[in-house]
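Coordinates as given in run-v1.tsv (TSV, C-alpha atoms):
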```tsv
chain	number	residue	atom	x	y	z
A	1	MET	CA	0.00	0.00	0.00
A	2	ASP	CA	1.27	3.45	-0.90
A	3	TRP	CA	-0.03	5.12	2.27
A	4	SER	CA	1.57	8.48	1.54
A	5	ASP	CA	-0.39	8.63	-1.72
A	6	ARG	CA	-3.62	7.42	-0.15
A	7	ILE	CA	-3.44	9.77	2.82
A	8	GLY	CA	-1.93	12.81	1.15
A	9	ARG	CA	-3.95	12.85	-2.06
A	10	ARG	CA	-6.99	10.63	-1.75
A	11	ILE	CA	-8.15	11.00	1.89
A	12	LYS	CA	-9.15	14.55	2.71
A	13	LEU	CA	-10.19	16.27	5.93
A	14	ARG	CA	-13.63	16.73	4.41
A	15	ASP	CA	-13.90	12.94	4.05
A	16	LEU	CA	-13.08	12.45	7.74
A	17	HIS	CA	-15.63	15.12	8.62
A	18	VAL	CA	-18.30	13.17	6.72
A	19	VAL	CA	-17.32	9.91	8.46
A	20	LEU	CA	-17.61	11.59	11.88
A	21	ALA	CA	-21.02	13.04	11.00
A	22	VAL	CA	-22.35	9.67	9.79
A	23	ALA	CA	-21.08	7.91	12.91
A	24	GLU	CA	-22.58	10.52	15.23
A	25	SER	CA	-25.91	10.55	13.39
A	26	GLY	CA	-26.16	6.79	12.84
A	27	SER	CA	-27.66	7.58	9.45
A	28	MET	CA	-26.42	8.92	6.14
A	29	THR	CA	-29.67	10.82	5.67
A	30	LYS	CA	-29.31	12.58	9.03
A	31	ALA	CA	-25.64	13.22	8.34
A	32	SER	CA	-26.46	14.84	4.98
A	33	GLN	CA	-28.97	17.12	6.73
A	34	LYS	CA	-26.46	18.01	9.42
A	35	LEU	CA	-23.74	18.78	6.87
A	36	ALA	CA	-26.15	20.52	4.47
A	37	ILE	CA	-25.04	18.35	1.54
A	38	SER	CA	-26.96	15.81	-0.50
A	39	HIS	CA	-27.42	12.19	0.54
A	40	PRO	CA	-25.72	10.86	-2.64
A	41	VAL	CA	-22.60	12.93	-1.84
A	42	VAL	CA	-22.42	11.46	1.67
A	43	SER	CA	-22.99	7.93	0.38
A	44	LYS	CA	-20.36	8.32	-2.36
A	45	THR	CA	-17.81	9.74	0.09
A	46	ILE	CA	-18.20	6.72	2.37
A	47	SER	CA	-18.11	4.27	-0.56
A	48	ASP	CA	-14.99	5.89	-2.03
A	49	LEU	CA	-13.21	5.74	1.35
A	50	GLU	CA	-14.11	2.08	1.76
A	51	HIS	CA	-12.74	1.39	-1.73
A	52	ILE	CA	-9.51	3.29	-1.01
A	53	LEU	CA	-8.96	1.52	2.32
A	54	GLY	CA	-10.23	-1.85	1.17
A	55	VAL	CA	-12.48	-2.36	4.23
A	56	LYS	CA	-16.07	-1.65	5.27
A	57	LEU	CA	-16.39	1.36	7.55
A	58	PHE	CA	-20.13	0.98	8.20
A	59	ASP	CA	-22.63	-1.86	8.18
A	60	ARG	CA	-25.85	-0.79	6.49
A	61	THR	CA	-29.04	-1.75	8.37
A	62	SER	CA	-32.74	-0.98	8.02
A	63	GLN	CA	-32.39	1.51	10.91
A	64	GLY	CA	-29.36	3.28	9.46
A	65	VAL	CA	-25.66	2.45	9.77
A	66	GLU	CA	-23.41	0.94	12.44
A	67	VAL	CA	-19.69	1.55	12.71
A	68	THR	CA	-17.46	-1.47	12.06
A	69	HIS	CA	-14.17	-2.15	13.84
A	70	TYR	CA	-12.40	-0.60	10.86
A	71	GLY	CA	-14.64	2.44	11.02
A	72	ALA	CA	-14.02	2.82	14.74
A	73	ALA	CA	-10.26	2.87	14.11
A	74	LEU	CA	-10.66	5.59	11.48
A	75	LEU	CA	-12.96	7.55	13.81
A	76	ARG	CA	-10.34	7.58	16.55
A	77	CYS	CA	-7.84	8.89	14.03
A	78	GLY	CA	-10.30	11.51	12.79
A	79	VAL	CA	-11.06	12.77	16.30
A	80	ASN	CA	-7.33	13.12	16.97
A	81	VAL	CA	-6.72	14.92	13.67
A	82	PHE	CA	-9.42	17.52	14.26
A	83	ASP	CA	-8.39	17.95	17.88
A	84	GLU	CA	-4.79	18.61	16.87
A	85	MET	CA	-5.98	21.15	14.32
A	86	ARG	CA	-8.10	22.91	16.94
A	87	GLN	CA	-5.11	22.98	19.26
A	88	GLY	CA	-2.96	24.42	16.50
A	89	LEU	CA	-5.51	27.12	15.70
A	90	LYS	CA	-5.76	27.98	19.39
A	91	GLN	CA	-1.99	28.25	19.51
A	92	ILE	CA	-2.05	30.66	16.56
A	93	GLU	CA	-4.87	32.64	18.19
A	94	PHE	CA	-2.94	32.83	21.44
A	95	LEU	CA	0.27	33.95	19.68
A	96	THR	CA	-1.73	36.63	17.87
A	97	ASP	CA	-3.43	37.82	21.08
A	98	PRO	CA	-2.30	36.12	24.35
A	99	THR	CA	-5.21	37.71	26.24
A	100	SER	CA	-7.97	35.95	24.28
A	101	GLY	CA	-9.27	32.49	23.47
A	102	GLU	CA	-11.49	29.80	24.99
A	103	LEU	CA	-10.59	27.02	27.41
A	104	ALA	CA	-12.90	24.10	28.22
A	105	VAL	CA	-12.55	22.66	31.73
A	106	GLY	CA	-14.51	19.85	33.38
A	107	CYS	CA	-15.12	19.51	37.12
A	108	PRO	CA	-17.72	18.34	39.66
A	109	GLU	CA	-20.01	20.76	41.50
A	110	ILE	CA	-17.91	20.60	44.65
A	111	MET	CA	-14.98	22.20	42.79
A	112	ASN	CA	-17.25	25.05	41.69
A	113	ALA	CA	-17.94	25.70	45.37
A	114	GLY	CA	-14.24	25.47	46.22
A	115	ILE	CA	-11.15	26.34	44.23
A	116	MET	CA	-12.63	26.87	40.73
A	117	PRO	CA	-13.92	30.42	41.43
A	118	ALA	CA	-10.53	31.41	42.87
A	119	ILE	CA	-8.64	29.97	39.88
A	120	SER	CA	-11.06	31.60	37.44
A	121	GLU	CA	-10.85	34.99	39.14
A	122	ARG	CA	-7.05	34.92	39.19
A	123	LEU	CA	-6.79	33.82	35.54
A	124	LEU	CA	-9.34	36.31	34.20
A	125	LYS	CA	-7.90	39.19	36.20
A	126	GLN	CA	-4.63	38.82	34.30
A	127	HIS	CA	-6.20	37.70	31.01
A	128	PRO	CA	-9.67	39.34	30.81
A	129	GLY	CA	-10.20	38.33	27.19
A	130	VAL	CA	-10.09	34.60	27.97
A	131	GLN	CA	-13.37	32.70	28.10
A	132	LEU	CA	-13.63	29.70	30.41
A	133	ARG	CA	-16.22	27.07	29.48
A	134	VAL	CA	-16.80	24.93	32.57
A	135	THR	CA	-18.76	21.68	32.17
A	136	HIS	CA	-19.85	19.08	34.71
A	137	ALA	CA	-17.75	15.94	35.15
A	138	ASP	CA	-18.04	13.83	38.29
A	139	THR	CA	-14.42	12.78	38.74
A	140	ALA	CA	-15.29	10.96	41.98
A	141	LEU	CA	-17.28	8.53	39.82
A	142	SER	CA	-14.46	8.32	37.25
A	143	GLN	CA	-16.30	10.35	34.62
A	144	PHE	CA	-13.23	10.97	32.48
A	145	TYR	CA	-14.95	10.66	29.09
A	146	PRO	CA	-15.16	14.46	28.43
A	147	LEU	CA	-11.36	14.51	28.54
A	148	ARG	CA	-10.88	11.31	26.56
A	149	GLU	CA	-13.37	12.51	23.93
A	150	ARG	CA	-11.51	15.85	23.84
A	151	LYS	CA	-14.58	17.85	24.84
A	152	VAL	CA	-12.45	19.52	27.53
A	153	GLU	CA	-8.71	20.14	27.77
A	154	LEU	CA	-8.42	19.22	31.42
A	155	LEU	CA	-10.36	18.00	34.44
A	156	VAL	CA	-10.17	19.27	38.02
A	157	GLY	CA	-11.49	17.19	40.90
A	158	ARG	CA	-10.96	15.01	43.95
A	159	LEU	CA	-9.38	11.77	42.86
A	160	PRO	CA	-8.30	8.51	44.48
A	161	GLU	CA	-4.66	7.60	44.97
A	162	PRO	CA	-2.90	5.72	43.59
A	163	PHE	CA	-4.34	6.86	40.26
A	164	VAL	CA	-4.34	4.00	37.78
A	165	GLU	CA	-5.63	5.41	34.47
A	166	ASP	CA	-2.67	4.83	32.15
A	167	ASP	CA	-3.78	7.25	29.41
A	168	LEU	CA	-4.18	10.24	31.75
A	169	VAL	CA	-1.66	12.49	33.49
A	170	PHE	CA	-2.38	13.04	37.21
A	171	GLU	CA	-1.02	16.22	38.81
A	172	PRO	CA	-1.97	16.66	42.49
A	173	LEU	CA	-2.71	20.25	43.49
A	174	LEU	CA	-3.29	19.75	47.20
A	175	GLN	CA	-4.01	17.13	49.84
A	176	GLU	CA	-6.85	18.35	52.01
A	177	PRO	CA	-8.74	17.13	55.06
A	178	PHE	CA	-12.44	17.39	55.81
A	179	VAL	CA	-13.74	19.88	58.38
A	180	VAL	CA	-16.94	20.40	60.35
A	181	ILE	CA	-18.88	23.58	59.54
A	182	ALA	CA	-21.61	25.58	61.27
A	183	GLY	CA	-23.31	28.90	60.60
A	184	VAL	CA	-21.52	32.01	61.91
A	185	ASN	CA	-24.57	32.73	64.09
A	186	SER	CA	-24.63	29.26	65.64
A	187	PRO	CA	-23.82	29.18	69.38
A	188	TRP	CA	-21.27	26.47	68.58
A	189	SER	CA	-19.28	28.85	66.33
A	190	ARG	CA	-18.15	30.84	69.40
A	191	ARG	CA	-16.68	27.86	71.22
A	192	ARG	CA	-12.94	27.38	71.22
A	193	ARG	CA	-13.13	23.62	71.53
A	194	VAL	CA	-15.75	21.24	70.21
A	195	GLU	CA	-15.80	17.45	70.20
A	196	LEU	CA	-17.45	15.55	67.38
A	197	ALA	CA	-19.41	13.57	69.97
A	198	ASP	CA	-20.92	16.85	71.28
A	199	LEU	CA	-22.72	17.34	67.97
A	200	MET	CA	-24.26	13.91	67.54
A	201	GLU	CA	-27.75	15.02	68.60
A	202	GLU	CA	-27.72	18.12	66.36
A	203	SER	CA	-29.30	18.39	62.89
A	204	TRP	CA	-26.93	17.54	60.04
A	205	VAL	CA	-26.84	18.06	56.29
A	206	LEU	CA	-24.90	15.11	54.84
A	207	PRO	CA	-24.59	13.24	51.53
A	208	PRO	CA	-27.01	10.33	50.88
A	209	HIS	CA	-25.83	7.11	52.53
A	210	ASP	CA	-25.22	5.32	49.21
A	211	SER	CA	-22.95	8.02	47.76
A	212	VAL	CA	-19.14	8.16	47.59
A	213	PRO	CA	-18.86	11.22	49.91
A	214	ALA	CA	-21.08	9.50	52.49
A	215	GLY	CA	-18.62	6.60	52.65
A	216	ILE	CA	-15.77	9.03	53.37
A	217	ILE	CA	-17.74	10.78	56.10
A	218	SER	CA	-18.80	7.47	57.65
A	219	GLU	CA	-15.11	6.55	57.95
A	220	ILE	CA	-14.47	9.85	59.77
A	221	PHE	CA	-17.18	9.13	62.35
A	222	ALA	CA	-16.14	5.49	62.68
A	223	ALA	CA	-12.52	6.49	63.35
A	224	SER	CA	-13.85	8.63	66.20
A	225	GLY	CA	-15.77	5.66	67.62
A	226	LEU	CA	-19.11	7.08	66.45
A	227	ARG	CA	-21.85	6.11	64.05
A	228	SER	CA	-22.77	8.59	61.35
A	229	PRO	CA	-25.77	10.65	62.47
A	230	ARG	CA	-29.01	10.35	60.56
A	231	PRO	CA	-29.06	13.55	58.49
A	232	GLY	CA	-32.00	15.90	58.68
A	233	VAL	CA	-31.34	16.61	55.02
A	234	ALA	CA	-29.52	14.17	52.73
A	235	THR	CA	-28.17	15.84	49.60
A	236	LEU	CA	-25.18	16.03	47.28
A	237	SER	CA	-25.89	19.69	46.55
A	238	ILE	CA	-23.16	21.92	47.97
A	239	GLN	CA	-25.36	24.99	47.54
A	240	LEU	CA	-28.18	23.45	49.58
A	241	THR	CA	-25.69	22.24	52.20
A	242	THR	CA	-24.06	25.63	52.71
A	243	THR	CA	-27.40	27.47	52.64
A	244	LEU	CA	-28.90	25.27	55.35
A	245	VAL	CA	-25.76	25.31	57.51
A	246	ALA	CA	-25.63	29.12	57.24
A	247	THR	CA	-28.99	29.30	59.04
A	248	GLY	CA	-27.22	28.16	62.21
A	249	LYS	CA	-29.60	25.22	62.63
A	250	PHE	CA	-27.57	22.58	60.83
A	251	PHE	CA	-24.04	21.19	60.72
A	252	GLY	CA	-22.10	19.73	57.84
A	253	ILE	CA	-18.78	18.19	56.83
A	254	LEU	CA	-16.97	19.53	53.77
A	255	PRO	CA	-13.49	19.38	52.23
A	256	ASN	CA	-11.31	22.10	53.71
A	257	SER	CA	-10.96	24.12	50.49
A	258	VAL	CA	-14.73	24.20	49.93
A	259	ALA	CA	-15.34	25.29	53.53
A	260	GLN	CA	-12.66	27.99	53.33
A	261	PHE	CA	-13.78	29.52	50.05
A	262	SER	CA	-17.46	29.28	51.04
A	263	SER	CA	-17.06	30.66	54.56
A	264	ARG	CA	-17.24	34.37	53.78
A	265	ARG	CA	-19.81	34.36	50.96
A	266	ALA	CA	-22.08	31.80	52.62
A	267	GLY	CA	-21.75	32.82	56.29
A	268	LEU	CA	-20.03	29.67	57.53
A	269	LYS	CA	-17.57	28.94	60.31
A	270	ILE	CA	-15.12	26.06	60.44
A	271	LEU	CA	-15.46	24.57	63.92
A	272	PRO	CA	-12.36	23.62	65.95
A	273	VAL	CA	-13.38	19.97	65.93
A	274	LYS	CA	-10.60	17.43	66.15
A	275	ILE	CA	-11.52	14.72	63.69
A	276	PRO	CA	-9.33	11.92	62.30
A	277	THR	CA	-7.18	13.31	59.52
A	278	THR	CA	-8.42	11.95	56.23
A	279	TYR	CA	-6.67	13.47	53.23
A	280	TYR	CA	-7.94	13.37	49.68
A	281	ALA	CA	-6.20	14.69	46.61
A	282	VAL	CA	-7.47	17.55	44.48
A	283	ALA	CA	-5.77	17.07	41.14
A	284	ILE	CA	-5.68	18.11	37.50
A	285	LEU	CA	-6.04	15.49	34.78
A	286	THR	CA	-4.82	15.85	31.21
A	287	LEU	CA	-4.43	13.39	28.33
A	288	LYS	CA	-1.02	11.74	28.31
A	289	ASN	CA	-0.42	12.00	24.56
A	290	ARG	CA	-2.02	15.41	24.05
A	291	ALA	CA	0.07	18.54	24.41
A	292	CYS	CA	-1.61	21.15	26.62
A	293	GLY	CA	-2.60	24.33	24.82
A	294	PRO	CA	-1.30	27.71	26.00
A	295	LEU	CA	-4.50	28.58	27.88
A	296	ALA	CA	-4.50	25.19	29.60
A	297	LYS	CA	-0.93	25.83	30.73
A	298	LEU	CA	-1.96	29.24	32.10
A	299	PHE	CA	-4.89	27.68	33.93
A	300	ILE	CA	-2.63	25.06	35.52
A	301	GLU	CA	-0.18	27.75	36.66
A	302	HIS	CA	-2.97	29.70	38.37
A	303	ALA	CA	-4.39	26.49	39.88
A	304	ARG	CA	-1.00	25.76	41.44
A	305	ALA	CA	-0.89	29.30	42.88
A	306	VAL	CA	-4.34	28.91	44.45
A	307	ALA	CA	-3.34	25.54	45.92
A	308	ARG	CA	-0.19	27.08	47.42
A	309	SER	CA	-2.28	29.88	48.89
A	310	LEU	CA	-4.45	27.39	50.74
A	311	SER	CA	-1.41	25.96	52.50
A	312	MET	CA	-0.33	29.39	53.80
A	313	PRO	CA	-1.36	31.01	57.11
A	314	PRO	CA	-4.55	33.12	56.68
A	315	ALA	CA	-2.67	36.45	56.94
A	316	GLN	CA	-0.45	35.52	53.97
A	317	ARG	CA	-3.11	34.23	51.62
A	318	ALA	CA	-3.63	35.96	48.31
A	319	PHE	CA	-7.28	34.91	48.41
A	320	PRO	CA	-9.25	35.78	51.57
A	321	THR	CA	-11.39	32.78	52.43
A	322	SER	CA	-12.78	33.50	55.85
```
Any chance you could put this one into structure tokens?
Amino acid sequence: MDWSDRIGRRIKLRDLHVVLAVAESGSMTKASQKLAISHPVVSKTISDLEHILGVKLFDRTSQGVEVTHYGAALLRCGVNVFDEMRQGLKQIEFLTDPTSGELAVGCPEIMNAGIMPAISERLLKQHPGVQLRVTHADTALSQFYPLRERKVELLVGRLPEPFVEDDLVFEPLLQEPFVVIAGVNSPWSRRRRVELADLMEESWVLPPHDSVPAGIISEIFAASGLRSPRPGVATLSIQLTTTLVATGKFFGILPNSVAQFSSRRAGLKILPVKIPTTYYAVAILTLKNRACGPLAKLFIEHARAVARSLSMPPAQRAFPTS
């Protein structure tokens, strides 16, 4: 096979674009509508590619088309090709104007209540023309597909260690404990010393018992010789948790960074409760074989600065959190 001839002259980017559209649509008719070209053109493009490669890319069925193993291999190549082109265009855009461009980041809700606002504020203060597009990805449940499918350039979240995904690069930002929180107007917020056992009869806002965070919190209580209290409200919503705790009638347990960054805006107080130290990593994930774009590198630099700030004494922090 003369692959240089077949790739350089006979397989075009437009052909790959058609293949991607057909695979996503599951139908040549739908793909032709999406691409605003005729059905015969789509059909001929696929047939010509199959002839050039000598394999079937799609199985035709009464419901449409299904990708073959050969087609799946070409799709992976096509996704990589278009992603590399997007990265190259972003690089050109950044070199033309380093203060502009778009960066897609994925993270769970708990990061949006913690370090993400601080990273975003720091980045946009220095580069006001940059646009961050933040999408949901529950890293605690190993939802890494937005990164693998190149829908985002990086993920930020709490992740288990050791990290075993071979195709991803794991960069820890900080190791943080969990803390007990109350409302600033709660009588408990004025005490200098509080035991976890003292709060067992109080009303709590905690994650549902069958969730990953609930398992972590159960371990904290168990290590203190206690059973997890039955929550008055069971929720995974950080906004609902902080809103209820701020009333002074509820207590909660949150990662330290979330509690610190939420304390001022939500009216919370971290209680001086001695609980077993349980550290969990907040990390950034990137694809191992994908070079980070310039905006992604900037984001990572600012994320490192925010993480360092959290480890400093309150008086030295660049970001007031309480």
For CA of Val180 in chain A and CA of Leu159 in chain A, the interatomic separation in Å (one decimal)
20.9 Å
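Between Pro177 in chain A and the candidates A:Asn256, A:Thr61, A:Thr45, A:Ser27, the tightest atom-to-atom separation, counting all atoms listed in the file, involves A:Asn256.
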What would the list of residues within 12 Å of (-16.5, -5.6, 13.6) (file frame) look like as a ChimeraX atom specification, if all atoms listed in the file are what count?
/A:55-59,66-73
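With all atoms listed in the file as the basis for measurement, A:Gly106 is the residue among A:Gly106, A:Pro162, A:Gly88, A:Gly225 that approaches Arg150 in chain A most closely.
Taking all atoms listed in the file, the non-local environment of Leu147 in chain A within 9 Å (same-chain residues fewer than 5 positions away omitted) comprises Val105, Gly106, Val152, Glu153, Leu154, Leu155, Leu168, Leu285, Thr286 and Leu287 of chain A.
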Selected residue, from A:Lys151, A:Ser309, A:Ile300, A:Phe251, that lies nearest to Asp83 in chain A when counting only C-alpha atoms
A:Lys151
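For the pair CA of His17 in chain A and CA of Ser43 in chain A, the separation is 13.2 Å.
The spacing separating CA of Gln91 in chain A from CA of Gly293 in chain A amounts to 6.6 Å.
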Can you build me a table of range 166-254 of chain A residues sitting at most 8 Å from range 261-283 of chain A, with the closest atom pair per residue and its distance in Å to one decimal, using only C-alpha atoms, sorted by chain and residue number, as JSON lines?
```
{"residue": "A:Phe170", "atom": "CA", "partner": "A:Ala283", "partner_atom": "CA", "distance": 6.6}
{"residue": "A:Glu171", "atom": "CA", "partner": "A:Ala283", "partner_atom": "CA", "distance": 5.4}
{"residue": "A:Pro172", "atom": "CA", "partner": "A:Ala283", "partner_atom": "CA", "distance": 4.1}
{"residue": "A:Leu173", "atom": "CA", "partner": "A:Ala283", "partner_atom": "CA", "distance": 5.0}
{"residue": "A:Leu174", "atom": "CA", "partner": "A:Val282", "partner_atom": "CA", "distance": 5.5}
{"residue": "A:Gln175", "atom": "CA", "partner": "A:Ala281", "partner_atom": "CA", "distance": 4.6}
{"residue": "A:Glu176", "atom": "CA", "partner": "A:Tyr279", "partner_atom": "CA", "distance": 5.0}
{"residue": "A:Pro177", "atom": "CA", "partner": "A:Tyr279", "partner_atom": "CA", "distance": 4.6}
{"residue": "A:Phe178", "atom": "CA", "partner": "A:Thr278", "partner_atom": "CA", "distance": 6.8}
{"residue": "A:Val179", "atom": "CA", "partner": "A:Ile270", "partner_atom": "CA", "distance": 6.7}
{"residue": "A:Val180", "atom": "CA", "partner": "A:Leu271", "partner_atom": "CA", "distance": 5.7}
{"residue": "A:Ile181", "atom": "CA", "partner": "A:Ile270", "partner_atom": "CA", "distance": 4.6}
{"residue": "A:Ala182", "atom": "CA", "partner": "A:Lys269", "partner_atom": "CA", "distance": 5.3}
{"residue": "A:Gly183", "atom": "CA", "partner": "A:Leu268", "partner_atom": "CA", "distance": 4.6}
{"residue": "A:Val184", "atom": "CA", "partner": "A:Leu268", "partner_atom": "CA", "distance": 5.2}
{"residue": "A:Trp188", "atom": "CA", "partner": "A:Leu271", "partner_atom": "CA", "distance": 7.7}
{"residue": "A:Ser189", "atom": "CA", "partner": "A:Leu271", "partner_atom": "CA", "distance": 6.2}
{"residue": "A:Arg192", "atom": "CA", "partner": "A:Pro272", "partner_atom": "CA", "distance": 6.5}
{"residue": "A:Arg193", "atom": "CA", "partner": "A:Pro272", "partner_atom": "CA", "distance": 5.6}
{"residue": "A:Val194", "atom": "CA", "partner": "A:Val273", "partner_atom": "CA", "distance": 5.1}
{"residue": "A:Glu195", "atom": "CA", "partner": "A:Val273", "partner_atom": "CA", "distance": 5.5}
{"residue": "A:Leu196", "atom": "CA", "partner": "A:Val273", "partner_atom": "CA", "distance": 6.2}
{"residue": "A:Ile220", "atom": "CA", "partner": "A:Pro276", "partner_atom": "CA", "distance": 6.1}
{"residue": "A:Ala223", "atom": "CA", "partner": "A:Pro276", "partner_atom": "CA", "distance": 6.4}
{"residue": "A:Ser224", "atom": "CA", "partner": "A:Pro276", "partner_atom": "CA", "distance": 6.8}
{"residue": "A:Thr242", "atom": "CA", "partner": "A:Ala266", "partner_atom": "CA", "distance": 6.5}
{"residue": "A:Thr243", "atom": "CA", "partner": "A:Ala266", "partner_atom": "CA", "distance": 6.9}
{"residue": "A:Val245", "atom": "CA", "partner": "A:Leu268", "partner_atom": "CA", "distance": 7.2}
{"residue": "A:Ala246", "atom": "CA", "partner": "A:Gly267", "partner_atom": "CA", "distance": 5.4}
```
Here is a test: counting only C-alpha atoms, which residue of A:Ala234, A:Glu121, A:Ser186, A:Phe250 is nearest to Glu202 in chain A?
A:Phe250
I need every residue sitting at most 12 Å from the point (-20.3, 5.7, -0.3) (coordinates as in the file, only C-alpha atoms considered), written as a ChimeraX atom specification.
/A:15,18-19,22,28,39-52,56-60,65
